[in-house]
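Worksheet for the structure shown next.
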There are 2 protein chains.
Amino acid sequence: MTAAESSLGSGPVSAGTGPLSAGTAPAGATGSHGPAPRMRRTRAGDGTRRRVYDAESLLAVAVTEFNARGYDATSMEDLSRAAGITKSSFYHHVSGKEELLRAALRRALDGLFGILEEPAAREGAPLQRLQHIVYRQVEVLTSELPYVTLLLRVRGNTETERWALARRREFDASISTLVADALAAGQIRSDVEPALAARLLSGTVNSLI
Amino acid sequence: MTAAESSLGSGPVSAGTGPLSAGTAPAGATGSHGPAPRMRRTRAGDGTRRRVYDAESLLAVAVTEFNARGYDATSMEDLSRAAGITKSSFYHHVSGKEELLRAALRRALDGLFGILEEPAAREGAPLQRLQHIVYRQVEVLTSELPYVTLLLRVRGNTETERWALARRREFDASISTLVADALAAGQIRSDVEPALAARLLSGTVNSLI
DNA sequence: TCGAAAGGAACGACCGTTCGGTTGATTCGC
DNA sequence: GCGAATCAACCGAACGGTCGTTCCTTTCGA
């Protein structure tokens, strides 16, 4: 098995509440401290060291390319070139193109659904919970911008994309329910339709992209 | 030369202010009157007649498919199947995939730029001209929805897409100028940046999609 | 010495496009 | 009025190219 299947293919993803830096740190020369970020010498042998390609950084590269050119218009050669290695070497780390897309979409979705599981989103009056969710949603949108951007552009061509669309609808439905609860509790005006209000709400938030 | 090059390839496009019905009329049995809409017998020989495929209706089909699946994910086979003919027959009417995209984008852009040439958009106080443009922009957005939708999703992968992006920026720049004029004329509050206001304006209008 | 990392080359599938040929309605010469 | 010629419409088959993916070998650090 290749290294790809161990961190992208399966298993619980830690993107829920964990540290979500994931910036596209351009593989510059970093210190050798920290929790063993594996290094290797550059072939040029000039003494510079750079991070070995792991699934996480390659995913960041892929998402950047997907967002720039669109998923379908981005070839695996584009991705590997952006990563600085050949196409076949790229396949040593990732298991496939659609698997990259799935991992990216899962990261965005886990970030969003993680909000719903926070205490402040589950306890208290509906309106206050709603406010917390909107606030946190903006935060996730900011910290995970490329991944959420990709999620919002999904069309439903493949099975992976349809899965992402379904989960996205699921998230919107939760917010719809919460809006209805807030209305039932008399916390918001009663002359707005819950579904419409929820749609406008997420539309407004997502327009921040 | 094929029929495709005569109406898609070159020449002034009449989409500016002409009749813009272009609905995907499902090729039902229509009367034989009108300005010679060419007919042909169905191969089944059952006596039913249907409209022969012209560049206009095939463009509408293509845009529908492009919007549903995305330009890159839509194959020429998809388009021809949606049109009800084979791929090679489809090529008898259109000159290529990118040419279809260009024609669709030009239609959307001509609709938008046509607004700027209307008298009410060129004469009078800046704010009133601005209001007229916004009003008409919503109208064009509605009547040409699929084409404008396609335009708003352009990424810039090919030369055609970059041309469309450039013209779109050109349109936005015209509106920016008008906002600045309205500000200089003291018709709008002076504590908003013109560029930002213009961006928000088109963002709001385009969000109607 | 061993295994992870990287690369060259190729494979099968699909894509956009072209080619050659068939059909059937219209037009032209007589 | 009628056969021959014409022409748009249509189709099956194939071509060159690109894509995602795999195989096999080489390189290199530990």
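Ordering of the structure tokens sets the chain letters (A, B, ...), residue numbers begin anew at 1 in every chain, and ligands are numbered from 1 in the order given.
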TODO: Hey, list the chain C side of the contact with chain B: 10 Å cut-off, only C-alpha atoms (C1' of nucleotides), answer as number ranges by chain.
DONE: C: 14-18, 23-25
Dump as CSV the rows for residues of chain B within 8 Å of chain D: closest atom pair and distance in Å with one decimal, only C-alpha atoms (C1' of nucleotides) counted, ordered by chain and rising residue number.
```
residue,atom,partner,partner_atom,distance
B:Thr86,CA,D:DC11,C1',7.0
B:Ser88,CA,D:DC11,C1',6.9
B:Ser89,CA,D:DC10,C1',5.4
B:His92,CA,D:DA9,C1',7.9
```
Next, dump the selected residues to file, keeping only N, CA and C atoms, as a PDB file, in the first residue's frame.
```pdb
ATOM      1  N   THR B  86     -26.650  12.750 -33.429  1.00  0.00           N
ATOM      2  CA  THR B  86     -25.343  12.187 -33.094  1.00  0.00           C
ATOM      3  C   THR B  86     -24.295  13.286 -33.064  1.00  0.00           C
ATOM      4  N   SER B  88     -21.485  13.592 -34.714  1.00  0.00           N
ATOM      5  CA  SER B  88     -21.027  14.093 -36.014  1.00  0.00           C
ATOM      6  C   SER B  88     -22.086  14.974 -36.674  1.00  0.00           C
ATOM      7  N   SER B  89     -23.333  14.659 -36.465  1.00  0.00           N
ATOM      8  CA  SER B  89     -24.389  15.524 -36.997  1.00  0.00           C
ATOM      9  C   SER B  89     -24.366  16.873 -36.285  1.00  0.00           C
ATOM     10  N   HIS B  92     -22.195  19.315 -37.731  1.00  0.00           N
ATOM     11  CA  HIS B  92     -22.624  19.932 -38.983  1.00  0.00           C
ATOM     12  C   HIS B  92     -23.211  21.323 -38.720  1.00  0.00           C
TER      13      HIS B  92
END
```
- [ ] For chain B, report every residue with an atom at most 9 Å from chain A (counting only C-alpha atoms), formatted as a PyMOL selection string.
- [x] chain B and resi 68-73+155-157+203+207
TODO: Identify, with DSSP run on backbone atoms, the residues in segment 27-185 of chain A assigned to strand (DSSP E or B), and express the list as a PyMOL selection string.
DONE: chain A and resi 39-41+49-51
Would you save the residues of that selection, restricted to C-alpha atoms, as a PDB file, in the first residue's frame?
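The resulting file, result00.pdb, is reproduced below:
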```pdb
ATOM      1  CA  MET A  39      12.636  16.044   6.018  1.00  0.00           C
ATOM      2  CA  ARG A  40      14.731  15.064   3.101  1.00  0.00           C
ATOM      3  CA  ARG A  41      17.660  16.587   1.317  1.00  0.00           C
ATOM      4  CA  ARG A  49      16.056  20.922   3.572  1.00  0.00           C
ATOM      5  CA  ARG A  50      12.402  20.849   2.797  1.00  0.00           C
ATOM      6  CA  ARG A  51       9.409  19.110   4.147  1.00  0.00           C
TER       7      ARG A  51
END
```
Open item on the list: According to DSSP computed on the backbone, where in segment 115-151 of chain B is there alpha helix (DSSP H)? Give the residues as a PyMOL selection string.
Closed with: chain B and resi 115-116+119-122+126-143+145-151
Write the selection just made, keeping N, CA and C atoms, as a PDB file, in the first residue's frame?
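Below is the file that was written, result-v4.pdb:
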```
ATOM      1  N   ILE B 115     -27.304  47.626 -22.412  1.00  0.00           N
ATOM      2  CA  ILE B 115     -27.930  48.508 -21.427  1.00  0.00           C
ATOM      3  C   ILE B 115     -27.233  49.857 -21.388  1.00  0.00           C
ATOM      4  N   LEU B 116     -25.913  49.816 -21.417  1.00  0.00           N
ATOM      5  CA  LEU B 116     -25.135  51.056 -21.289  1.00  0.00           C
ATOM      6  C   LEU B 116     -25.372  52.011 -22.449  1.00  0.00           C
ATOM      7  N   PRO B 119     -30.542  55.276 -24.106  1.00  0.00           N
ATOM      8  CA  PRO B 119     -30.558  56.717 -23.794  1.00  0.00           C
ATOM      9  C   PRO B 119     -30.616  56.988 -22.297  1.00  0.00           C
ATOM     10  N   ALA B 120     -31.469  56.278 -21.608  1.00  0.00           N
ATOM     11  CA  ALA B 120     -31.648  56.532 -20.186  1.00  0.00           C
ATOM     12  C   ALA B 120     -30.400  56.199 -19.374  1.00  0.00           C
ATOM     13  N   ALA B 121     -29.486  55.447 -19.992  1.00  0.00           N
ATOM     14  CA  ALA B 121     -28.245  55.112 -19.293  1.00  0.00           C
ATOM     15  C   ALA B 121     -27.124  56.076 -19.643  1.00  0.00           C
ATOM     16  N   ARG B 122     -27.380  56.938 -20.628  1.00  0.00           N
ATOM     17  CA  ARG B 122     -26.328  57.840 -21.096  1.00  0.00           C
ATOM     18  C   ARG B 122     -26.634  59.298 -20.781  1.00  0.00           C
ATOM     19  N   PRO B 126     -26.316  61.299 -12.822  1.00  0.00           N
ATOM     20  CA  PRO B 126     -25.645  60.012 -12.591  1.00  0.00           C
ATOM     21  C   PRO B 126     -26.505  59.018 -11.816  1.00  0.00           C
ATOM     22  N   LEU B 127     -27.111  59.474 -10.738  1.00  0.00           N
ATOM     23  CA  LEU B 127     -27.865  58.540  -9.907  1.00  0.00           C
ATOM     24  C   LEU B 127     -29.045  57.945 -10.670  1.00  0.00           C
ATOM     25  N   GLN B 128     -29.723  58.798 -11.449  1.00  0.00           N
ATOM     26  CA  GLN B 128     -30.854  58.280 -12.218  1.00  0.00           C
ATOM     27  C   GLN B 128     -30.378  57.293 -13.284  1.00  0.00           C
ATOM     28  N   ARG B 129     -29.258  57.612 -13.922  1.00  0.00           N
ATOM     29  CA  ARG B 129     -28.708  56.675 -14.912  1.00  0.00           C
ATOM     30  C   ARG B 129     -28.356  55.363 -14.228  1.00  0.00           C
ATOM     31  N   LEU B 130     -27.777  55.480 -13.044  1.00  0.00           N
ATOM     32  CA  LEU B 130     -27.402  54.274 -12.297  1.00  0.00           C
ATOM     33  C   LEU B 130     -28.632  53.425 -11.970  1.00  0.00           C
ATOM     34  N   GLN B 131     -29.659  54.104 -11.534  1.00  0.00           N
ATOM     35  CA  GLN B 131     -30.881  53.370 -11.196  1.00  0.00           C
ATOM     36  C   GLN B 131     -31.458  52.654 -12.412  1.00  0.00           C
ATOM     37  N   HIS B 132     -31.430  53.349 -13.546  1.00  0.00           N
ATOM     38  CA  HIS B 132     -31.929  52.727 -14.765  1.00  0.00           C
ATOM     39  C   HIS B 132     -31.126  51.481 -15.116  1.00  0.00           C
ATOM     40  N   ILE B 133     -29.803  51.607 -15.011  1.00  0.00           N
ATOM     41  CA  ILE B 133     -28.941  50.479 -15.364  1.00  0.00           C
ATOM     42  C   ILE B 133     -29.212  49.290 -14.459  1.00  0.00           C
ATOM     43  N   VAL B 134     -29.330  49.550 -13.169  1.00  0.00           N
ATOM     44  CA  VAL B 134     -29.579  48.446 -12.242  1.00  0.00           C
ATOM     45  C   VAL B 134     -30.911  47.783 -12.564  1.00  0.00           C
ATOM     46  N   TYR B 135     -31.917  48.596 -12.827  1.00  0.00           N
ATOM     47  CA  TYR B 135     -33.230  48.054 -13.154  1.00  0.00           C
ATOM     48  C   TYR B 135     -33.165  47.188 -14.405  1.00  0.00           C
ATOM     49  N   ARG B 136     -32.517  47.725 -15.437  1.00  0.00           N
ATOM     50  CA  ARG B 136     -32.424  46.986 -16.693  1.00  0.00           C
ATOM     51  C   ARG B 136     -31.537  45.761 -16.543  1.00  0.00           C
ATOM     52  N   GLN B 137     -30.540  45.868 -15.681  1.00  0.00           N
ATOM     53  CA  GLN B 137     -29.652  44.728 -15.470  1.00  0.00           C
ATOM     54  C   GLN B 137     -30.429  43.545 -14.894  1.00  0.00           C
ATOM     55  N   VAL B 138     -31.322  43.835 -14.002  1.00  0.00           N
ATOM     56  CA  VAL B 138     -32.156  42.766 -13.449  1.00  0.00           C
ATOM     57  C   VAL B 138     -33.027  42.167 -14.548  1.00  0.00           C
ATOM     58  N   GLU B 139     -33.524  43.017 -15.429  1.00  0.00           N
ATOM     59  CA  GLU B 139     -34.349  42.515 -16.529  1.00  0.00           C
ATOM     60  C   GLU B 139     -33.560  41.579 -17.441  1.00  0.00           C
ATOM     61  N   VAL B 140     -32.358  42.024 -17.817  1.00  0.00           N
ATOM     62  CA  VAL B 140     -31.531  41.187 -18.695  1.00  0.00           C
ATOM     63  C   VAL B 140     -31.161  39.899 -17.983  1.00  0.00           C
ATOM     64  N   LEU B 141     -30.833  40.019 -16.707  1.00  0.00           N
ATOM     65  CA  LEU B 141     -30.497  38.838 -15.923  1.00  0.00           C
ATOM     66  C   LEU B 141     -31.625  37.823 -15.971  1.00  0.00           C
ATOM     67  N   THR B 142     -32.834  38.312 -15.958  1.00  0.00           N
ATOM     68  CA  THR B 142     -33.982  37.415 -15.961  1.00  0.00           C
ATOM     69  C   THR B 142     -34.216  36.808 -17.337  1.00  0.00           C
ATOM     70  N   SER B 143     -34.181  37.664 -18.357  1.00  0.00           N
ATOM     71  CA  SER B 143     -34.516  37.169 -19.696  1.00  0.00           C
ATOM     72  C   SER B 143     -33.403  36.307 -20.279  1.00  0.00           C
ATOM     73  N   LEU B 145     -31.140  34.517 -18.405  1.00  0.00           N
ATOM     74  CA  LEU B 145     -30.576  33.880 -17.220  1.00  0.00           C
ATOM     75  C   LEU B 145     -29.501  32.828 -17.510  1.00  0.00           C
ATOM     76  N   PRO B 146     -29.752  31.838 -18.375  1.00  0.00           N
ATOM     77  CA  PRO B 146     -28.725  30.802 -18.565  1.00  0.00           C
ATOM     78  C   PRO B 146     -27.413  31.365 -19.086  1.00  0.00           C
ATOM     79  N   TYR B 147     -27.511  32.345 -19.978  1.00  0.00           N
ATOM     80  CA  TYR B 147     -26.292  32.894 -20.566  1.00  0.00           C
ATOM     81  C   TYR B 147     -25.504  33.703 -19.544  1.00  0.00           C
ATOM     82  N   VAL B 148     -26.211  34.497 -18.744  1.00  0.00           N
ATOM     83  CA  VAL B 148     -25.525  35.293 -17.726  1.00  0.00           C
ATOM     84  C   VAL B 148     -24.957  34.379 -16.639  1.00  0.00           C
ATOM     85  N   THR B 149     -25.691  33.327 -16.311  1.00  0.00           N
ATOM     86  CA  THR B 149     -25.182  32.362 -15.337  1.00  0.00           C
ATOM     87  C   THR B 149     -23.856  31.802 -15.794  1.00  0.00           C
ATOM     88  N   LEU B 150     -23.821  31.418 -17.056  1.00  0.00           N
ATOM     89  CA  LEU B 150     -22.577  30.892 -17.621  1.00  0.00           C
ATOM     90  C   LEU B 150     -21.463  31.928 -17.536  1.00  0.00           C
ATOM     91  N   LEU B 151     -21.811  33.146 -17.836  1.00  0.00           N
ATOM     92  CA  LEU B 151     -20.811  34.224 -17.806  1.00  0.00           C
ATOM     93  C   LEU B 151     -20.224  34.406 -16.412  1.00  0.00           C
TER      94      LEU B 151
END
```
Task: Atomic separation - atom CA of Ile175 of chain B relative to atom CA of Arg107 of chain B, Å - done: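 Atom-to-atom, atom CA of Arg107 of chain B and atom CA of Ile175 of chain B are spaced 19.5 Å apart.
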TODO: Rounded to one decimal place, report the atom CA of Leu183 of chain A-atom CA of Phe113 of chain A distance in Å.
DONE: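 A separation of 22.5 Å between them.
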